[in-house]
Each structure stands twice: as C-alpha cells, then as structure tokens.
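Heads up: the structure comes next, in structure tokens.
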Amino acid sequence: MSEPVLNIVATPIGNLGDLSPRALDVLSSADLVAAEDTRHSGRLLAHFNIKAEMISVHDHNERQRADLIIRYLQEGKQVVLVSDAGTPLISDPGFYLVRAVRDAGFRVSPVPGCCAFIAALSASGLPSDRFLFEGFLPPKSGARRQRLELLSKETPTLIFYESTHRILASLSDMAEVFGPERYVVVARELTKTFETIHGGALSEVIEWMQADPMQQKGEFVVLVHGAAEKENLLDAEAERIVRLLATELPPKKAAGLAAEITGLKKNQLYQVLIED
Ligand code: SAM
C-alpha cells in the first residue's frame with residue numbers, strides 16, 4: 001500500500017487543456033476528492049471521466065472536514081484537495097486543513113499548475129523579481145482605501161484579485177491613493193475566449209474600461225507598478241524635515257511647514273509624527 005498523502009492539486013482557471021497529466025493521474029487514483037464546491041468540481045471530474053468520492057471543504061466546515069480527512073489518511077487512503085479554479089489556498093480555502101494534516105504527521109504534496117496571479121504576472125510586462133500578492137481588497141471603499149494607503153509606498157509590483165462588481169470602484173480608489181499616473185495592468189478572463197491584458201496609467205485604464213462595459217465583465221487580476229524608489233527617497237527626506245521641525249514646533253505646525261517645504265500632504269507628514 002502506498003503512503004497516504006493529501007495532494008493539493010491545481011485545476012484550470014478557464015481552459016481545461018491546462019489540467020496537467022500528473023494532476024489527472026493523481027485525481028484518477030484518489031480515494032477522496034475534497035472540493036470547495038462539489039458540483040463545480042464534479043463537472044471537471046466528469047469531463048475527464050474521473051469517478052471519485054467527493055466531499056465539500058469550504059470556509060464554514062474546514063475544521064470538521066480536517067478531522068474526517070485525517071481519518072481517511074489514517075486508513076491509508078489517498079486524498080486530493082481542489083478548489084473551484086487554480087491553486088487551492090490561494091485566496092481559497094485549505095490553510096487550516098493543510099496545517100491540521102501536517103500537524104497530524106501526514107505528508108502533504110503539491111501538484112502545481114494554474115494560478116491566476118502567476119499567469120497574469122508572467123504576461124504583464126511588470127517587474128516580476130519582487131511582488132506583493134494582496135488577494136482581494138476589502139469590499140467597502142473606506143477599508144479598501146486604508147489598505148491601499150498602507151501599500152502606496154511599497155516598491156514591489158502589487159497584485160490584487162478583483163470581481164466584475166468592484167473592478168471600477170477599486171481602480172478608482174487606486175487612482176486616488178496611488179495617483180492617476182501610476183501604471184497598471186488589468187488581466188481579464190485569462191485562458192478564456194475573451195482574455196484581455198491591458199496596461200496604462202490608472203486614469204487611462206479607467207477611461208478605457210468605462211468606454212467599453214464588456215471590459216468590466218469577468219474575472220480580473222490587477223497588477224500595479226510598485227512605487228518608484230525615488231518617491232521613497234523623497235519621503236525619507238520629508239520625514240527628516242518634519243521630525244527636525246517637530247523638535248522646535250508643535251506637531252501640527254511642524255507638519256504644515258514641512259508640507260510647504262516638500263509639497264507633500266500635511267496629513268501624511270502629521271501621520272509620521274503621531275505614529276512615533
Ligand atoms: N485559487 C485561484 C488561483 O489560484 O488563482 C484564485 C481563486 S479566487 C477565489 C478567484 C479570483 O481569481 C477571481 O475573482 C479573479 O480575481 C482571479 N481569477 C481566477 N480565474 C481568473 C481568470 N481566468 N482570469 C483572471 N482572473 C482570474
């Protein structure tokens with residue numbers, strides 16, 4: 001009997017031809033397939049003529065399912081985890097399960113394949129040596145802007161997942177926080193019929209998308225050029241100035257004066273002082 005393993009299997013993000021031969025093999029020999037949505041993944045398995053026992057594993061039942069899956073592994077069975085599309089655990093359930101199975105002493109093995117943000121990054125033309133994958137931004141604009149503020153000085157390429165409903169609102173918040181000139185690439189419906197990868201300044205991409213409502217439909221990866229190192233250098237200088245002024249002046253006055261000297265926002269500079 002082969003060693004029991006929980007295999008983390010990546011599935012296509014659109015084009016079924018992207019399921020790897022090894023993924024097919026592992027799925028075909030599984031005793032149990034744990035899927036985010038059994039109906040959805042059931043269709044994938046049916047397409048490849050795979051008949052396997054299936055159970056659902058989603059955010060609301062992952063703990064109970066982990067116990068059940070560990071029992072299967074204790075019986076020497078082969079288990080597979082898949083999500084609706086792409087790589088499980090990447091903005092998808094499975095983290096608790098993988099940790100529990102590893103803690104129980106069983107092997108967890110990846111069967112790599114599609115991942116929407118890796119596919120998007122590989123074709124975006126944006127720097128790929130350093131990137132920050134942020135997944136989904138908060139749905140409400142206030143919280144979303146706050147998160148974007150925290151990211152605005154990050155120099156690696158920033159990567160987000162976004163849905164049809166919020167794509168324009170998110171791009172608009174990005175333009176507000178990062179500035180309308182920041183370069184963005186929007187990768188839509190990757191590997192599907194209407195795959196589109198479009199880049200430009202945030203303000204241009206927003207206009208382009210507003211002009212063609214079709215471009216607002218589907219699934220999106222949004223990739224934003226990181227902040228220029230130069231901006232950070234300027235900020236370092238601004239920080240030095242505001243701190244120096246604050247040794248002689250109250251924080252608000254110091255921030256106001258520093259804003260006049262550097263051309264940066266008073267609030268931003270005030271923040272530096274109160275964060276101490
Ligand atoms: N686990 C998946 C992965 O490995 O990419 C991601 C799952 S997450 C719940 C779904 C999001 O991924 C979508 O809302 C969209 O932002 C992105 N996505 C998935 N498929 C995509 C595609 N074909 N083209 C563009 N983005 C896609």
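All residue names refer to the structure tokens as shown: chains lettered A, B, ... in order, residues numbered from 1 in each chain, ligands numbered from 1 in order.
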
Find the residues near A:Ile90: any atom within 12 Å, counting only C-alpha atoms, skip ones fewer than 5 places away on the same chain, and give them as a PDB file with N, CA and C atoms, in the first residue's frame.
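result10.pdb written:
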```pdb
ATOM      1  N   ILE A   8      -2.380  18.490  -3.001  1.00  0.00           N
ATOM      2  CA  ILE A   8      -3.010  19.791  -3.252  1.00  0.00           C
ATOM      3  C   ILE A   8      -2.912  20.008  -4.762  1.00  0.00           C
ATOM      4  N   VAL A   9      -4.023  19.826  -5.448  1.00  0.00           N
ATOM      5  CA  VAL A   9      -3.979  19.781  -6.914  1.00  0.00           C
ATOM      6  C   VAL A   9      -4.539  21.072  -7.528  1.00  0.00           C
ATOM      7  N   ALA A  10      -3.726  21.711  -8.366  1.00  0.00           N
ATOM      8  CA  ALA A  10      -4.189  22.908  -9.091  1.00  0.00           C
ATOM      9  C   ALA A  10      -5.037  22.477 -10.282  1.00  0.00           C
ATOM     10  N   VAL A  82      -8.970  20.141  -4.089  1.00  0.00           N
ATOM     11  CA  VAL A  82      -9.033  21.068  -5.232  1.00  0.00           C
ATOM     12  C   VAL A  82      -9.906  22.252  -4.831  1.00  0.00           C
ATOM     13  N   SER A  83      -9.721  23.376  -5.524  1.00  0.00           N
ATOM     14  CA  SER A  83     -10.653  24.487  -5.323  1.00  0.00           C
ATOM     15  C   SER A  83     -11.423  24.686  -6.628  1.00  0.00           C
ATOM     16  N   ASP A  84     -12.270  25.712  -6.680  1.00  0.00           N
ATOM     17  CA  ASP A  84     -13.088  25.899  -7.890  1.00  0.00           C
ATOM     18  C   ASP A  84     -12.205  26.119  -9.112  1.00  0.00           C
ATOM     19  N   ALA A  85     -11.108  26.824  -8.922  1.00  0.00           N
ATOM     20  CA  ALA A  85     -10.210  27.089 -10.052  1.00  0.00           C
ATOM     21  C   ALA A  85      -8.840  27.449  -9.514  1.00  0.00           C
ATOM     22  N   PHE A  95      -6.121  26.340   4.089  1.00  0.00           N
ATOM     23  CA  PHE A  95      -4.997  26.615   5.001  1.00  0.00           C
ATOM     24  C   PHE A  95      -5.125  25.797   6.296  1.00  0.00           C
ATOM     25  N   PRO A 112       1.434  21.149  -8.740  1.00  0.00           N
ATOM     26  CA  PRO A 112       1.276  22.543  -9.181  1.00  0.00           C
ATOM     27  C   PRO A 112       0.680  22.683 -10.575  1.00  0.00           C
ATOM     28  N   CYS A 114      -2.128  25.797 -12.651  1.00  0.00           N
ATOM     29  CA  CYS A 114      -2.610  27.169 -12.847  1.00  0.00           C
ATOM     30  C   CYS A 114      -2.724  27.952 -11.554  1.00  0.00           C
ATOM     31  N   CYS A 115      -2.428  29.221 -11.676  1.00  0.00           N
ATOM     32  CA  CYS A 115      -2.698  30.182 -10.613  1.00  0.00           C
ATOM     33  C   CYS A 115      -2.891  31.510 -11.329  1.00  0.00           C
ATOM     34  N   ALA A 116      -4.047  32.136 -11.135  1.00  0.00           N
ATOM     35  CA  ALA A 116      -4.387  33.316 -11.951  1.00  0.00           C
ATOM     36  C   ALA A 116      -3.349  34.427 -11.820  1.00  0.00           C
ATOM     37  N   PHE A 117      -2.863  34.675 -10.597  1.00  0.00           N
ATOM     38  CA  PHE A 117      -1.972  35.846 -10.485  1.00  0.00           C
ATOM     39  C   PHE A 117      -0.593  35.564 -11.072  1.00  0.00           C
ATOM     40  N   ILE A 118      -0.146  34.315 -10.993  1.00  0.00           N
ATOM     41  CA  ILE A 118       1.157  33.979 -11.594  1.00  0.00           C
ATOM     42  C   ILE A 118       1.040  34.079 -13.119  1.00  0.00           C
ATOM     43  N   PHE A 133       1.566  39.847  -3.380  1.00  0.00           N
ATOM     44  CA  PHE A 133       0.230  39.374  -3.739  1.00  0.00           C
ATOM     45  C   PHE A 133      -0.700  39.711  -2.581  1.00  0.00           C
ATOM     46  N   GLU A 134      -1.712  40.528  -2.865  1.00  0.00           N
ATOM     47  CA  GLU A 134      -2.611  41.008  -1.808  1.00  0.00           C
ATOM     48  C   GLU A 134      -3.970  40.328  -1.844  1.00  0.00           C
ATOM     49  N   GLY A 135      -4.236  39.499  -2.858  1.00  0.00           N
ATOM     50  CA  GLY A 135      -5.545  38.859  -2.951  1.00  0.00           C
ATOM     51  C   GLY A 135      -6.650  39.891  -3.128  1.00  0.00           C
ATOM     52  N   PHE A 136      -7.803  39.638  -2.522  1.00  0.00           N
ATOM     53  CA  PHE A 136      -8.939  40.556  -2.656  1.00  0.00           C
ATOM     54  C   PHE A 136      -8.790  41.725  -1.684  1.00  0.00           C
ATOM     55  N   PHE A 160      -3.526  42.163  -7.154  1.00  0.00           N
ATOM     56  CA  PHE A 160      -4.824  42.023  -6.495  1.00  0.00           C
ATOM     57  C   PHE A 160      -5.739  41.127  -7.327  1.00  0.00           C
ATOM     58  N   TYR A 161      -6.675  40.475  -6.654  1.00  0.00           N
ATOM     59  CA  TYR A 161      -7.779  39.808  -7.343  1.00  0.00           C
ATOM     60  C   TYR A 161      -8.988  40.747  -7.273  1.00  0.00           C
TER      61      TYR A 161
END
```

Compute the set of protein, DNA and RNA residues whose minimum atom distance to ligand 1 is at most 6 Å, using only C-alpha atoms and all ligand atoms, and state it as a ChimeraX atom specification.
-> /A:13-14,85-88,90-92,115-117,161-163,187-191,219-221

DSSP on the backbone, then: every residue of stretch 23-110 of chain A marked strand (DSSP E or B), written as a list in words.
-> Leu32, Val33, Ala34, Ala35, Glu53, Met54, Ile55, Ser56, Val79, Val80, Leu81, Val82, Gly86, Arg107, Val108, Ser109 and Pro110 of chain A

For the residues in that selection, give me N, CA, C and O atoms as a PDB file, in the first residue's frame.
```pdb
ATOM      1  N   LEU A  32     -10.524   9.947  -2.250  1.00  0.00           N
ATOM      2  CA  LEU A  32     -11.449  11.015  -1.865  1.00  0.00           C
ATOM      3  C   LEU A  32     -10.974  12.329  -2.466  1.00  0.00           C
ATOM      4  O   LEU A  32      -9.793  12.658  -2.379  1.00  0.00           O
ATOM      5  N   VAL A  33     -11.913  13.068  -3.082  1.00  0.00           N
ATOM      6  CA  VAL A  33     -11.577  14.411  -3.581  1.00  0.00           C
ATOM      7  C   VAL A  33     -12.348  15.428  -2.741  1.00  0.00           C
ATOM      8  O   VAL A  33     -13.579  15.404  -2.706  1.00  0.00           O
ATOM      9  N   ALA A  34     -11.607  16.269  -2.054  1.00  0.00           N
ATOM     10  CA  ALA A  34     -12.228  17.328  -1.256  1.00  0.00           C
ATOM     11  C   ALA A  34     -12.248  18.580  -2.122  1.00  0.00           C
ATOM     12  O   ALA A  34     -11.193  19.025  -2.596  1.00  0.00           O
ATOM     13  N   ALA A  35     -13.436  19.131  -2.336  1.00  0.00           N
ATOM     14  CA  ALA A  35     -13.563  20.258  -3.268  1.00  0.00           C
ATOM     15  C   ALA A  35     -14.305  21.389  -2.595  1.00  0.00           C
ATOM     16  O   ALA A  35     -15.183  21.174  -1.757  1.00  0.00           O
ATOM     17  N   GLU A  53     -15.063   9.584  -4.981  1.00  0.00           N
ATOM     18  CA  GLU A  53     -15.928  10.065  -3.904  1.00  0.00           C
ATOM     19  C   GLU A  53     -15.549  11.523  -3.635  1.00  0.00           C
ATOM     20  O   GLU A  53     -14.362  11.866  -3.639  1.00  0.00           O
ATOM     21  N   MET A  54     -16.569  12.369  -3.432  1.00  0.00           N
ATOM     22  CA  MET A  54     -16.262  13.790  -3.207  1.00  0.00           C
ATOM     23  C   MET A  54     -16.900  14.290  -1.912  1.00  0.00           C
ATOM     24  O   MET A  54     -17.984  13.843  -1.544  1.00  0.00           O
ATOM     25  N   ILE A  55     -16.202  15.210  -1.260  1.00  0.00           N
ATOM     26  CA  ILE A  55     -16.818  15.946  -0.142  1.00  0.00           C
ATOM     27  C   ILE A  55     -16.486  17.429  -0.320  1.00  0.00           C
ATOM     28  O   ILE A  55     -15.528  17.777  -0.990  1.00  0.00           O
ATOM     29  N   SER A  56     -17.307  18.268   0.316  1.00  0.00           N
ATOM     30  CA  SER A  56     -17.045  19.703   0.203  1.00  0.00           C
ATOM     31  C   SER A  56     -16.122  20.157   1.343  1.00  0.00           C
ATOM     32  O   SER A  56     -16.209  19.639   2.464  1.00  0.00           O
ATOM     33  N   VAL A  79      -5.911  11.265  -0.606  1.00  0.00           N
ATOM     34  CA  VAL A  79      -6.904  12.349  -0.629  1.00  0.00           C
ATOM     35  C   VAL A  79      -6.372  13.492  -1.495  1.00  0.00           C
ATOM     36  O   VAL A  79      -5.171  13.774  -1.502  1.00  0.00           O
ATOM     37  N   VAL A  80      -7.291  14.142  -2.221  1.00  0.00           N
ATOM     38  CA  VAL A  80      -6.925  15.296  -3.055  1.00  0.00           C
ATOM     39  C   VAL A  80      -7.744  16.497  -2.597  1.00  0.00           C
ATOM     40  O   VAL A  80      -8.927  16.371  -2.310  1.00  0.00           O
ATOM     41  N   LEU A  81      -7.106  17.654  -2.544  1.00  0.00           N
ATOM     42  CA  LEU A  81      -7.842  18.903  -2.329  1.00  0.00           C
ATOM     43  C   LEU A  81      -7.798  19.716  -3.614  1.00  0.00           C
ATOM     44  O   LEU A  81      -6.717  19.927  -4.174  1.00  0.00           O
ATOM     45  N   VAL A  82      -8.970  20.141  -4.089  1.00  0.00           N
ATOM     46  CA  VAL A  82      -9.033  21.068  -5.232  1.00  0.00           C
ATOM     47  C   VAL A  82      -9.906  22.252  -4.831  1.00  0.00           C
ATOM     48  O   VAL A  82     -10.726  22.149  -3.924  1.00  0.00           O
ATOM     49  N   GLY A  86      -7.819  27.053 -10.225  1.00  0.00           N
ATOM     50  CA  GLY A  86      -6.454  27.436  -9.862  1.00  0.00           C
ATOM     51  C   GLY A  86      -5.912  26.629  -8.702  1.00  0.00           C
ATOM     52  O   GLY A  86      -6.306  25.480  -8.473  1.00  0.00           O
ATOM     53  N   ARG A 107       1.850  13.348   5.088  1.00  0.00           N
ATOM     54  CA  ARG A 107       2.522  14.093   4.029  1.00  0.00           C
ATOM     55  C   ARG A 107       1.494  14.908   3.235  1.00  0.00           C
ATOM     56  O   ARG A 107       0.417  14.398   2.915  1.00  0.00           O
ATOM     57  N   VAL A 108       1.851  16.151   2.947  1.00  0.00           N
ATOM     58  CA  VAL A 108       1.030  16.990   2.072  1.00  0.00           C
ATOM     59  C   VAL A 108       1.905  17.306   0.867  1.00  0.00           C
ATOM     60  O   VAL A 108       3.033  17.765   1.024  1.00  0.00           O
ATOM     61  N   SER A 109       1.394  17.029  -0.332  1.00  0.00           N
ATOM     62  CA  SER A 109       2.242  17.197  -1.518  1.00  0.00           C
ATOM     63  C   SER A 109       1.522  18.046  -2.569  1.00  0.00           C
ATOM     64  O   SER A 109       0.357  17.799  -2.887  1.00  0.00           O
ATOM     65  N   PRO A 110       2.209  19.047  -3.134  1.00  0.00           N
ATOM     66  CA  PRO A 110       1.551  19.892  -4.147  1.00  0.00           C
ATOM     67  C   PRO A 110       1.637  19.280  -5.541  1.00  0.00           C
ATOM     68  O   PRO A 110       2.658  18.706  -5.909  1.00  0.00           O
TER      69      PRO A 110
END
```

Might you pull out every residue within 6 Å of A:Ala227, with only C-alpha atoms counted and same-chain residues fewer than 6 positions away left off, and present them as a CSV table (one decimal) with all heavy atoms, in the first residue's frame?
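Result written to around37.csv:
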```
chain,number,residue,atom,x,y,z
A,153,LYS,N,3.5,53.0,-0.7
A,153,LYS,CA,5.0,53.2,-0.9
A,153,LYS,C,5.7,52.0,-1.1
A,153,LYS,O,7.0,52.0,-1.2
A,153,LYS,CB,5.5,53.9,0.4
A,153,LYS,CG,5.0,55.3,0.6
A,153,LYS,CD,5.7,56.0,1.6
A,153,LYS,CE,5.0,57.3,2.1
A,153,LYS,NZ,4.4,57.2,3.4
A,154,GLU,N,5.0,50.9,-1.2
A,154,GLU,CA,5.7,49.6,-1.5
A,154,GLU,C,6.3,49.6,-2.9
A,154,GLU,O,5.6,49.9,-3.9
A,154,GLU,CB,4.7,48.4,-1.4
A,154,GLU,CG,4.2,48.2,0.1
A,154,GLU,CD,5.3,47.6,1.0
A,154,GLU,OE1,6.4,47.3,0.5
A,154,GLU,OE2,5.1,47.6,2.2
A,155,THR,N,7.5,49.2,-3.0
A,155,THR,CA,8.2,49.2,-4.3
A,155,THR,C,8.0,47.9,-5.2
A,155,THR,O,8.1,48.0,-6.4
A,155,THR,CB,9.7,49.5,-4.2
A,155,THR,OG1,10.3,48.6,-3.3
A,155,THR,CG2,9.9,50.9,-3.7
```

From A:Asp25, A:Asp59, A:Glu149, A:Glu195, residue lying nearest A:Leu45 [only C-alpha atoms] |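 Counting only C-alpha atoms, the residue closest to A:Leu45 is A:Asp25.
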
For A:Leu132, the nearest of the candidates A:Leu151, A:His58, A:Gly42, A:Ile261, counting only C-alpha atoms =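 Comparing A:Leu151, A:His58, A:Gly42, A:Ile261 against A:Leu132, the winner is A:Leu151.
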
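Nearest to A:Leu126 of all the residues A:Val272, A:Val242, A:Ala46, A:Ile159 is A:Ile159, counting only C-alpha atoms.
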
Of the candidates A:Leu16, A:Phe131, A:Tyr72, A:Lys265, which one gets nearest to A:Leu223 if we count only C-alpha atoms?
->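 When distances to A:Leu223 are compared using only C-alpha atoms, the smallest one comes from A:Phe131.
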
Could you tell me which of A:Ile274, A:Gly199, A:Gly263, A:His165 comes closest to A:Ala246 if we count only C-alpha atoms?
->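 Closest residue, counting only C-alpha atoms: A:Ile274.
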
Atom CA of A:His47 and atom CA of A:Glu75, how far apart in Å?
->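 Atom CA of A:His47 lies at a distance of 28.9 Å from atom CA of A:Glu75.
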
For A:Gly76, list every protein, DNA or RNA residue within 12 Å, evaluated using only C-alpha atoms, and leave out those in the same chain fewer than 5 positions away; present the list as a count of residues only.
-> 14

So how far away is atom CA of A:Ser152 from atom CA of A:Ala259, in Å?
-> 18.3 Å

May I have all residues of stretch 56-90 of chain A that DSSP, computed from the backbone, assigns to alpha helix (DSSP H), given as a compact mmCIF listing (two decimals) with N, CA and C atoms, in the first residue's frame?
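File written: part_26.txt
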```txt
# COMPACT_ATOMS: atom_id res chain seq x y z
N GLU A 62 -14.33 23.73 7.33
CA GLU A 62 -12.97 23.21 7.13
C GLU A 62 -12.47 22.42 8.35
N ARG A 63 -12.83 22.87 9.57
CA ARG A 63 -12.32 22.19 10.76
C ARG A 63 -12.87 20.78 10.88
N GLN A 64 -14.20 20.64 10.69
CA GLN A 64 -14.78 19.28 10.77
C GLN A 64 -14.23 18.40 9.66
N ARG A 65 -14.12 19.01 8.47
CA ARG A 65 -13.62 18.22 7.33
C ARG A 65 -12.18 17.78 7.55
N ALA A 66 -11.40 18.60 8.24
CA ALA A 66 -10.00 18.23 8.50
C ALA A 66 -9.97 16.95 9.33
N ASP A 67 -10.87 16.84 10.33
CA ASP A 67 -10.90 15.62 11.15
C ASP A 67 -11.24 14.41 10.28
N LEU A 68 -12.23 14.60 9.40
CA LEU A 68 -12.65 13.49 8.54
C LEU A 68 -11.51 13.07 7.60
N ILE A 69 -10.85 14.05 7.02
CA ILE A 69 -9.77 13.76 6.06
C ILE A 69 -8.61 13.05 6.77
N ILE A 70 -8.33 13.48 8.00
CA ILE A 70 -7.26 12.80 8.75
C ILE A 70 -7.65 11.34 9.01
N ARG A 71 -8.94 11.09 9.24
CA ARG A 71 -9.37 9.67 9.43
C ARG A 71 -9.12 8.87 8.15
N TYR A 72 -9.43 9.46 6.99
CA TYR A 72 -9.16 8.78 5.71
C TYR A 72 -7.66 8.45 5.59
N LEU A 73 -6.83 9.44 5.93
CA LEU A 73 -5.37 9.24 5.81
C LEU A 73 -4.91 8.14 6.78
N GLN A 74 -5.53 8.12 7.98
CA GLN A 74 -5.16 7.07 8.96
C GLN A 74 -5.50 5.68 8.43
```

Write out as a count of residues only each polymer residue whose atoms come within 10 Å of stretch 211-214 of chain A, counting only C-alpha atoms; drop sequence neighbours fewer than 5 positions from it.
-> 3

Neighbours of stretch 254-258 of chain A within 9 Å (only C-alpha atoms; same-chain residues fewer than 2 positions away dropped), as an MDAnalysis selection string?
-> chainID A and resid 238:239 241:252 260:273
